[in-house]
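Visitor: Quick one: the structure is below, and I'll ask about it shortly.
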Amino acid sequence: MTDLASAVGVDVSTTELDIEGMTCASCAARVEKALARVPGVTAASVNLATERATVRAAESLTALDVQRFVDAVVDAGYQARPVVADEAAGAQGHASPAIDGIRARQARRELAGVALAALLSVPLALPMLTTPFGVESALPPWLQLVLASIVQFVCGARFYVGAYRALRARAGNMDLLVALGTSAAYGLSVWQTIAHPGDAMHLYFEASAVVITLVRLGKWLEARAKRETTNAIRALAALRPDRAHVKDEFGGEREVPIGQVRVGMTVVIRPGERVPVDGLIAAGRTHVDESLVTGESLPVAKGPGDRVTAGSVNGEGTLDVTTGATGAETTLARIIRLVESAQAEKAPIQRLVDRVSAVFVPAILVLAAATLGLWLLAGASAQAAILDAVSVLVIACPCALGLATPAAIMAGTGVAARHGVLIKDAEALELAQRVSIVAFDKTGTLTVGKPKLVAFEPFGIACDDALALAAAVGHNSDHPLAQALLAEYDARLASPHASSAGEARRGLPSAKHAQAVAGHGMQAEINGSTVCVGNGRWLEALGIEPPTEARARAAELEAAGNTVSWLARTGTGHAPAEALALIAFGDSVKPTARAAVEQLAARGVKSVLVTGDNRGAAASVAAALGIDEYYAQVLPADKANIVARLKARTGQIVAMAGDGINDAPALAAADVGIALATGTDVAMHAAGITLMRGDPALVADAIDISRRTYRKIQQNLFWAFVYNLIGIPLAVLGLLNPMLAGAAMAFSSVSVVTNALLLKRWKGAGRV
């Protein structure tokens, strides 16, 4: 997991701000424009659902730069605070306790305001319910005026403040529409009260009061629902304990705050405790529950030398863990940053919404004025014309449009993270839902990636000497084939008195200038000669010809699905170049690989195998998994070319799934790169999606959640537009009174966020 930690770093040219006072998509657009105008800013993105702005600059940011951003937001009519990295939580961007406290108090104040508005509005609206039954319950006009005035100017004060800020910035927003609409209904009623003091039948105080009550209720419900979309982040941030038990220099234990733990310290983790740091187990055996970090449902057996990740739960054994990363550098902290980054990004489809929102409020103001004028010209009374114009203003608030996309992205990326699928950005999420071909790497992606030596056949050299040479070449490599050679060396040639693998390997020949040759193998200088372990293509390039019997044996082993390599020594002044041994490795297919291919096929996605291994091994794996198109003996650069050819097929969106350095070019070339976190950090840098487990079934899960999230975005945008497409004409035609308009507007925002929250029920492919 530490590879992921290095794959997601901290960008010092990017900062985030918590924004207060935004109510709709127009507000978010205005804050974006204000930030984008600050000198040095290269990009600014505002997420209405998280009420957060992400600002990117051309150079590293200073405290003065951040203050300039805050000032720009304030000048636009809103409040802003820099997001403080909470080192206690270990997650950059996680809101500080102070910000959480402010938002909690705001939520309580909002609920109190809704309750007061409702309490005062009920007596005003009661006659609408009782009059049809012959019960007269209208309050005296002066009492209606008092109650409505409190609602209008106390409970509705926030709309006037927001409208003033919008006008000062020469822009429009939801607050302006609500303030204008309710003020018109309230003002008309005040005029009627003055002109006809004893007539309570033609007053519309209930319209203005109920609209304010419903809009505030809708915003409160919307805020509650939005908090639900951030629960995934909050749950991850709450995983790491605040304190840890560390060993001192005398072997004793002491409990310290997590912020005092440093790399290299030994942390003691008792049964049932959460792991506070990333590190390697120095002593102890146990099972670790990593479900909330990787999505793996079953506890994983761990022992000395195994990695543990902050946030996982220790099972039955006591562990001594050597700390490898703490605080904001842990895998957990970087997962949180990755998810937050994805949630802050805008999906390409959001650009359409932004263009619509930019002209929406001005267009509605013009339409409301036209409605008023046309009804007056048609001979309607001033009261009726004003109420119809009010209905247009109230029904058209663009809240739902602004929330449709970010609410779905937040819910989708959050639930995906809980199941081990990390989506780096909104663009990757949007593209993944259109994937029609997945190109899989073989070793470590579809196979276990821990090959074993199945044949070692030297010629012209003693077997033990040949094995020692091969192990020496691979001694400094993490490649699975090199590790298989070392494991065989340890098993065959270990000293019976050796206490460790390191001691057993003391007899290895000295290897100098060891290096990997991309697409071919490894080489090192041993006893003055260059010794290499690599594939048949490399032998041909070096002009080395193996014995005829060895070539026949190699073909036989390849046909059986094994990976064949050769041990060879290049020529020197006193010895010719020669092949020294035939080496064959066997690797098993992952248990979930065939199910993964079947799940993709069920979703209409074709699987293709692309591997640098020989044709026999590729054919064997492809047959076992039901893959009918495969490419073998492919160099790293050629993998990218094959991905390009797959993309060139008409209408195909191609994803590449891999885990190695040699997969990075193909991951970058694909429309969507999918990297396994069990692989290298280079692969994860190049990928838009990272799978926290080496389970190929997560590829189908990633595509599935992206499709479901995109469907939610489409549904949300559909309903947001439908509310307006149906409601605005009804209001213009006089068929919608202001109270119903206010209820519909409030319900539209709540329904959009609630629909997005249905994604939280997603369990992943094949799960219940």
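We name chains A, B, ... following the order of the structure tokens; residues begin at 1 in each chain, and ligands are numbered from 1 as shown.
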Mind checking which residues fall within 6 Å of Gln79 in chain A, counting only C-alpha atoms, ignoring those fewer than 4 positions away in the same chain, and posting them as a PyMOL selection string?
Guide: chain A and resi 19-20+74
Visitor: Those residues you just picked out, can you put them in a file as an mmCIF file, in the first residue's frame with C-alpha atoms?
Guide:
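Writing done, so here's part-v6.cif:
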data_model
loop_
_atom_site.group_PDB
_atom_site.id
_atom_site.type_symbol
_atom_site.label_atom_id
_atom_site.label_comp_id
_atom_site.auth_asym_id
_atom_site.auth_seq_id
_atom_site.Cartn_x
_atom_site.Cartn_y
_atom_site.Cartn_z
ATOM 1 C CA ILE A 19 -16.910 29.169 0.985
ATOM 2 C CA GLU A 20 -19.928 30.456 2.922
ATOM 3 C CA VAL A 74 -15.189 38.477 0.000
#
Visitor: Using only C-alpha atoms, what does the table of range 681-754 of chain A residues within 12 Å of range 354-374 of chain A look like, with each row giving the shortest atom pair and its distance in Å to one decimal, sorted by chain and ascending number, as CSV?
Guide:
residue,atom,partner,partner_atom,distance
A:Leu717,CA,A:Val356,CA,11.6
A:Ala720,CA,A:Ser357,CA,11.9
A:Phe721,CA,A:Val356,CA,10.4
A:Asn724,CA,A:Ile364,CA,10.5
A:Ile728,CA,A:Ile364,CA,9.0
A:Pro729,CA,A:Thr371,CA,10.1
A:Leu730,CA,A:Thr371,CA,11.3
A:Ala731,CA,A:Thr371,CA,8.8
A:Val732,CA,A:Thr371,CA,5.8
A:Leu733,CA,A:Thr371,CA,8.3
A:Gly734,CA,A:Thr371,CA,9.1
Visitor: I need the chosen residues saved as a PDB file, in the first residue's frame, with N, CA, C and O atoms.
Guide:
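As a result, result_1.pdb now contains:
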ATOM      1  N   LEU A 717     -29.977  15.917 -13.740  1.00  0.00           N
ATOM      2  CA  LEU A 717     -30.101  17.020 -14.688  1.00  0.00           C
ATOM      3  C   LEU A 717     -31.461  16.984 -15.384  1.00  0.00           C
ATOM      4  O   LEU A 717     -32.073  18.032 -15.628  1.00  0.00           O
ATOM      5  N   ALA A 720     -33.942  18.288 -12.872  1.00  0.00           N
ATOM      6  CA  ALA A 720     -33.717  19.719 -12.631  1.00  0.00           C
ATOM      7  C   ALA A 720     -34.264  20.552 -13.785  1.00  0.00           C
ATOM      8  O   ALA A 720     -34.911  21.590 -13.571  1.00  0.00           O
ATOM      9  N   PHE A 721     -34.031  20.100 -15.021  1.00  0.00           N
ATOM     10  CA  PHE A 721     -34.562  20.819 -16.174  1.00  0.00           C
ATOM     11  C   PHE A 721     -36.077  20.652 -16.288  1.00  0.00           C
ATOM     12  O   PHE A 721     -36.787  21.591 -16.651  1.00  0.00           O
ATOM     13  N   ASN A 724     -38.159  22.980 -14.242  1.00  0.00           N
ATOM     14  CA  ASN A 724     -38.257  24.311 -14.831  1.00  0.00           C
ATOM     15  C   ASN A 724     -39.055  24.314 -16.130  1.00  0.00           C
ATOM     16  O   ASN A 724     -39.829  25.237 -16.379  1.00  0.00           O
ATOM     17  N   ILE A 728     -42.103  26.594 -15.129  1.00  0.00           N
ATOM     18  CA  ILE A 728     -42.074  27.975 -15.616  1.00  0.00           C
ATOM     19  C   ILE A 728     -43.241  28.273 -16.552  1.00  0.00           C
ATOM     20  O   ILE A 728     -43.929  29.292 -16.371  1.00  0.00           O
ATOM     21  N   PRO A 729     -43.542  27.428 -17.552  1.00  0.00           N
ATOM     22  CA  PRO A 729     -44.726  27.715 -18.382  1.00  0.00           C
ATOM     23  C   PRO A 729     -46.022  27.759 -17.576  1.00  0.00           C
ATOM     24  O   PRO A 729     -46.895  28.594 -17.850  1.00  0.00           O
ATOM     25  N   LEU A 730     -46.171  26.848 -16.605  1.00  0.00           N
ATOM     26  CA  LEU A 730     -47.375  26.878 -15.772  1.00  0.00           C
ATOM     27  C   LEU A 730     -47.477  28.195 -15.015  1.00  0.00           C
ATOM     28  O   LEU A 730     -48.569  28.782 -14.886  1.00  0.00           O
ATOM     29  N   ALA A 731     -46.336  28.662 -14.510  1.00  0.00           N
ATOM     30  CA  ALA A 731     -46.346  29.936 -13.775  1.00  0.00           C
ATOM     31  C   ALA A 731     -46.667  31.096 -14.710  1.00  0.00           C
ATOM     32  O   ALA A 731     -47.441  32.004 -14.361  1.00  0.00           O
ATOM     33  N   VAL A 732     -46.072  31.098 -15.900  1.00  0.00           N
ATOM     34  CA  VAL A 732     -46.345  32.165 -16.870  1.00  0.00           C
ATOM     35  C   VAL A 732     -47.825  32.191 -17.243  1.00  0.00           C
ATOM     36  O   VAL A 732     -48.433  33.262 -17.397  1.00  0.00           O
ATOM     37  N   LEU A 733     -48.449  31.013 -17.356  1.00  0.00           N
ATOM     38  CA  LEU A 733     -49.859  30.919 -17.751  1.00  0.00           C
ATOM     39  C   LEU A 733     -50.818  31.151 -16.593  1.00  0.00           C
ATOM     40  O   LEU A 733     -52.035  31.071 -16.766  1.00  0.00           O
ATOM     41  N   GLY A 734     -50.253  31.392 -15.409  1.00  0.00           N
ATOM     42  CA  GLY A 734     -51.115  31.666 -14.259  1.00  0.00           C
ATOM     43  C   GLY A 734     -51.713  30.433 -13.625  1.00  0.00           C
ATOM     44  O   GLY A 734     -52.705  30.527 -12.896  1.00  0.00           O
TER      45      GLY A 734
END
Visitor: Hey, what's within 12 Å of Gly21 in chain A if we count only C-alpha atoms and toss same-chain stuff fewer than 6 positions away? As number ranges by chain, please?
Guide: A: 27-28, 30-31, 48, 51-52, 73-74, 76-80, 103, 106, 158-159, 161-163, 165-166, 173-175, 219
Visitor: For CA of Arg274 in chain A and CA of Ser312 in chain A, determine how far apart the two atoms are, in Å to one decimal place.
Guide: 5.6 Å
Visitor: Using DSSP on the backbone, list every residue of range 332-511 of chain A that comes out as alpha helix (DSSP H), and give them as a PyMOL selection string.
Guide: chain A and resi 332-344+350-377+382-395+399-418+426-432+463-473+480-493+501-504
Visitor: Can you pull out every residue within 8 Å of Leu120 in chain A, counting only C-alpha atoms, but drop anything in the same chain fewer than 6 positions away, and send it as a list in words?
Guide: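 Non-adjacent residues within range: Leu147, Ala148 and Val151 of chain A.
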Visitor: Grab the residues selected above and save them as a short mmCIF file (atom, residue, chain, number, x, y, z; two decimals), in the first residue's frame with N, CA, C and O atoms.
Guide:
data_model
loop_
_atom_site.label_atom_id
_atom_site.label_comp_id
_atom_site.auth_asym_id
_atom_site.auth_seq_id
_atom_site.Cartn_x
_atom_site.Cartn_y
_atom_site.Cartn_z
N LEU A 147 -47.31 39.14 11.57
CA LEU A 147 -46.70 37.81 11.41
C LEU A 147 -45.87 37.73 10.12
O LEU A 147 -44.75 37.23 10.11
N ALA A 148 -46.45 38.24 9.02
CA ALA A 148 -45.75 38.17 7.73
C ALA A 148 -44.48 39.02 7.74
O ALA A 148 -43.47 38.65 7.11
N VAL A 151 -41.67 37.09 9.38
CA VAL A 151 -41.16 36.06 8.46
C VAL A 151 -40.34 36.71 7.35
O VAL A 151 -39.24 36.25 7.01
#
Visitor: Please provide as number ranges by chain all residues within 8 Å of range 651-666 of chain A, with the sequence filter that same-chain residues fewer than 5 positions apart are discarded (counting only C-alpha atoms).
Guide: A: 431-432, 434-442, 444-445, 518-519, 636-637, 639-641, 643, 646, 671-680, 682-684, 686-687, 699
Visitor: Write the residues of the selection above to a file with N, CA, C and O atoms, as a short mmCIF file (atom, residue, chain, number, x, y, z; two decimals), in the first residue's frame.
Guide:
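In the end it all went to selection_10.cif:
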data_model
loop_
_atom_site.label_atom_id
_atom_site.label_comp_id
_atom_site.auth_asym_id
_atom_site.auth_seq_id
_atom_site.Cartn_x
_atom_site.Cartn_y
_atom_site.Cartn_z
N LEU A 431 -15.55 9.11 -18.27
CA LEU A 431 -15.09 8.28 -19.38
C LEU A 431 -15.28 6.80 -19.10
O LEU A 431 -15.60 6.02 -20.00
N ALA A 432 -15.09 6.39 -17.83
CA ALA A 432 -15.17 4.97 -17.50
C ALA A 432 -16.54 4.39 -17.80
O ALA A 432 -16.66 3.20 -18.13
N ARG A 434 -18.25 4.83 -20.29
CA ARG A 434 -18.38 4.55 -21.72
C ARG A 434 -17.42 3.48 -22.20
O ARG A 434 -17.36 3.18 -23.40
N VAL A 435 -16.63 2.89 -21.30
CA VAL A 435 -15.62 1.90 -21.70
C VAL A 435 -16.27 0.70 -22.38
O VAL A 435 -17.25 0.13 -21.89
N SER A 436 -15.72 0.31 -23.53
CA SER A 436 -16.23 -0.85 -24.26
C SER A 436 -15.18 -1.94 -24.41
O SER A 436 -15.52 -3.08 -24.75
N ILE A 437 -13.90 -1.60 -24.17
CA ILE A 437 -12.81 -2.59 -24.23
C ILE A 437 -11.91 -2.37 -23.02
O ILE A 437 -11.54 -1.23 -22.72
N VAL A 438 -11.54 -3.46 -22.35
CA VAL A 438 -10.54 -3.40 -21.29
C VAL A 438 -9.35 -4.24 -21.72
O VAL A 438 -9.49 -5.45 -21.96
N ALA A 439 -8.18 -3.61 -21.84
CA ALA A 439 -6.95 -4.33 -22.15
C ALA A 439 -6.25 -4.66 -20.83
O ALA A 439 -5.92 -3.76 -20.06
N PHE A 440 -6.06 -5.95 -20.57
CA PHE A 440 -5.45 -6.40 -19.32
C PHE A 440 -3.99 -6.76 -19.52
O PHE A 440 -3.64 -7.45 -20.49
N ASP A 441 -3.15 -6.32 -18.61
CA ASP A 441 -1.82 -6.90 -18.47
C ASP A 441 -2.00 -8.30 -17.87
O ASP A 441 -3.04 -8.59 -17.26
N LYS A 442 -1.01 -9.17 -18.01
CA LYS A 442 -1.15 -10.53 -17.49
C LYS A 442 -0.55 -10.68 -16.10
O LYS A 442 -1.28 -10.85 -15.11
N GLY A 444 0.56 -10.36 -12.56
CA GLY A 444 0.22 -9.50 -11.45
C GLY A 444 -1.14 -8.86 -11.55
O GLY A 444 -1.65 -8.32 -10.58
N THR A 445 -1.74 -8.91 -12.76
CA THR A 445 -3.07 -8.33 -12.95
C THR A 445 -4.10 -9.44 -13.05
O THR A 445 -5.05 -9.50 -12.26
N ALA A 518 14.51 -2.85 -20.26
CA ALA A 518 13.07 -2.84 -20.48
C ALA A 518 12.67 -3.80 -21.59
O ALA A 518 13.23 -3.79 -22.69
N GLY A 519 11.70 -4.64 -21.27
CA GLY A 519 11.17 -5.57 -22.26
C GLY A 519 12.02 -6.79 -22.50
O GLY A 519 11.67 -7.63 -23.33
N PRO A 636 7.08 -2.78 -23.81
CA PRO A 636 6.31 -1.72 -23.14
C PRO A 636 5.81 -0.64 -24.08
O PRO A 636 4.65 -0.22 -24.01
N ALA A 637 6.67 -0.16 -24.98
CA ALA A 637 6.24 0.90 -25.91
C ALA A 637 5.16 0.39 -26.85
O ALA A 637 4.25 1.13 -27.24
N LYS A 639 2.89 -1.82 -26.10
CA LYS A 639 1.60 -1.90 -25.40
C LYS A 639 0.78 -0.64 -25.65
O LYS A 639 -0.43 -0.71 -25.89
N ALA A 640 1.44 0.51 -25.59
CA ALA A 640 0.75 1.77 -25.86
C ALA A 640 0.24 1.81 -27.29
O ALA A 640 -0.86 2.32 -27.57
N ASN A 641 1.02 1.26 -28.23
CA ASN A 641 0.59 1.23 -29.63
C ASN A 641 -0.64 0.34 -29.82
O ASN A 641 -1.54 0.67 -30.60
N VAL A 643 -2.90 -0.30 -27.51
CA VAL A 643 -4.02 0.46 -26.95
C VAL A 643 -4.52 1.49 -27.96
O VAL A 643 -5.72 1.68 -28.14
N LEU A 646 -6.57 -0.23 -30.56
CA LEU A 646 -7.89 -0.58 -30.04
C LEU A 646 -8.79 0.66 -29.99
O LEU A 646 -9.98 0.58 -30.30
N ASP A 671 -7.90 5.59 -22.78
CA ASP A 671 -8.88 6.59 -22.38
C ASP A 671 -9.00 6.63 -20.86
O ASP A 671 -9.13 7.69 -20.26
N VAL A 672 -8.96 5.44 -20.25
CA VAL A 672 -9.02 5.32 -18.79
C VAL A 672 -7.95 4.34 -18.35
O VAL A 672 -7.95 3.18 -18.77
N GLY A 673 -7.01 4.79 -17.54
CA GLY A 673 -6.00 3.90 -16.96
C GLY A 673 -6.47 3.38 -15.62
O GLY A 673 -6.94 4.15 -14.78
N ILE A 674 -6.38 2.06 -15.42
CA ILE A 674 -6.80 1.43 -14.16
C ILE A 674 -5.59 0.70 -13.59
O ILE A 674 -5.13 -0.30 -14.15
N ALA A 675 -5.07 1.20 -12.47
CA ALA A 675 -3.86 0.62 -11.87
C ALA A 675 -4.21 -0.14 -10.60
O ALA A 675 -5.08 0.28 -9.83
N LEU A 676 -3.54 -1.26 -10.40
CA LEU A 676 -3.70 -2.02 -9.16
C LEU A 676 -2.72 -1.50 -8.13
O LEU A 676 -1.52 -1.37 -8.42
N ALA A 677 -3.21 -1.18 -6.94
CA ALA A 677 -2.36 -0.60 -5.90
C ALA A 677 -1.34 -1.58 -5.37
O ALA A 677 -0.43 -1.19 -4.64
N THR A 678 -1.44 -2.86 -5.75
CA THR A 678 -0.43 -3.83 -5.38
C THR A 678 0.80 -3.71 -6.28
O THR A 678 1.79 -4.38 -6.07
N GLY A 679 0.69 -2.82 -7.30
CA GLY A 679 1.79 -2.65 -8.24
C GLY A 679 2.66 -1.47 -7.89
O GLY A 679 2.89 -1.15 -6.74
N THR A 680 3.16 -0.78 -8.91
CA THR A 680 4.14 0.28 -8.71
C THR A 680 3.48 1.65 -8.69
O THR A 680 2.42 1.86 -9.26
N VAL A 682 4.59 4.21 -10.24
CA VAL A 682 4.62 4.78 -11.59
C VAL A 682 3.32 4.46 -12.32
O VAL A 682 2.74 5.30 -12.99
N ALA A 683 2.86 3.20 -12.19
CA ALA A 683 1.61 2.81 -12.83
C ALA A 683 0.45 3.64 -12.29
O ALA A 683 -0.42 4.08 -13.04
N MET A 684 0.43 3.88 -10.98
CA MET A 684 -0.68 4.61 -10.39
C MET A 684 -0.65 6.09 -10.74
O MET A 684 -1.68 6.74 -10.83
N ALA A 686 0.10 7.15 -13.63
CA ALA A 686 -0.40 7.24 -14.99
C ALA A 686 -1.88 6.90 -15.10
O ALA A 686 -2.46 7.07 -16.17
N ALA A 687 -2.49 6.41 -14.04
CA ALA A 687 -3.85 5.91 -14.10
C ALA A 687 -4.86 6.91 -13.54
O ALA A 687 -4.56 7.68 -12.64
N VAL A 699 -12.18 -4.16 -11.54
CA VAL A 699 -12.27 -3.44 -12.82
C VAL A 699 -13.73 -3.32 -13.22
O VAL A 699 -14.20 -2.25 -13.62
#
Visitor: Could you check which of A:Val610, A:Leu453, A:Ala484, A:Leu625 is closest to Ala584 in chain A, using only C-alpha atoms?
Guide: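 Between A:Val610, A:Leu453, A:Ala484, A:Leu625, the residue approaching Ala584 in chain A most closely is A:Leu453.
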Visitor: Find the residues around Gly449 in chain A up to 9 Å (only C-alpha atoms counted), leave out those fewer than 4 positions away in its own chain, and share them as a PyMOL selection string.
Guide: chain A and resi 442-445+480-481+587-590
Visitor: Could you go through range 285-482 of chain A and tell me which residues DSSP, when run on the backbone, assigns to strand (DSSP E or B), listing them as a ChimeraX atom specification?
Guide: /A:286-289,300-302,307-308,313-314,319-325,421-423,437-440,447,452-458
Visitor: With a distance cut-off of 7 Å and only C-alpha atoms, select the neighbouring residues of range 523-536 of chain A, excluding the residue or stretch itself and same-chain residues fewer than 4 positions from it, and output the selection as a list of chain:residue names.
Guide: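 The residues that qualify are A:Ala470, A:Val473, A:Pro509, A:Ser510, A:Ala511, A:Lys512, A:His513, A:Ala514, A:Gln515, A:Ala516, A:Glu540, A:Val564, A:Ser565, A:Trp566, A:Leu567, A:Ala568, A:Arg569, A:Thr570, A:Thr572.
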Visitor: So how far away is CA of Gln152 in chain A from CA of Ala118 in chain A, in Å?
Guide: 12.0 Å
Visitor: Could you tell me which of A:Ala385, A:Ile336, A:Ala670, A:Ala487 comes closest to Leu422 in chain A if we count only C-alpha atoms?
Guide: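 Ranking A:Ala385, A:Ile336, A:Ala670, A:Ala487 by distance to Leu422 in chain A, first place goes to A:Ile336.
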Visitor: Hey, which of A:Arg108, A:Ala404, A:Asp695, A:Leu188 ends up closest to Cys24 in chain A? Count only C-alpha atoms.
Guide: A:Ala404
Visitor: Quick one: of A:Ile258, A:Leu126, A:Leu319, A:Ala595, who's nearest to Ala697 in chain A, counting only C-alpha atoms?
Guide: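 Closest to Ala697 in chain A of all the choices is A:Ala595.
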Visitor: Quick one, how far is CA of Val300 in chain A from CA of Gly279 in chain A?
Guide: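 Computing the Euclidean distance for CA of Val300 in chain A and CA of Gly279 in chain A yields 15.5 Å.
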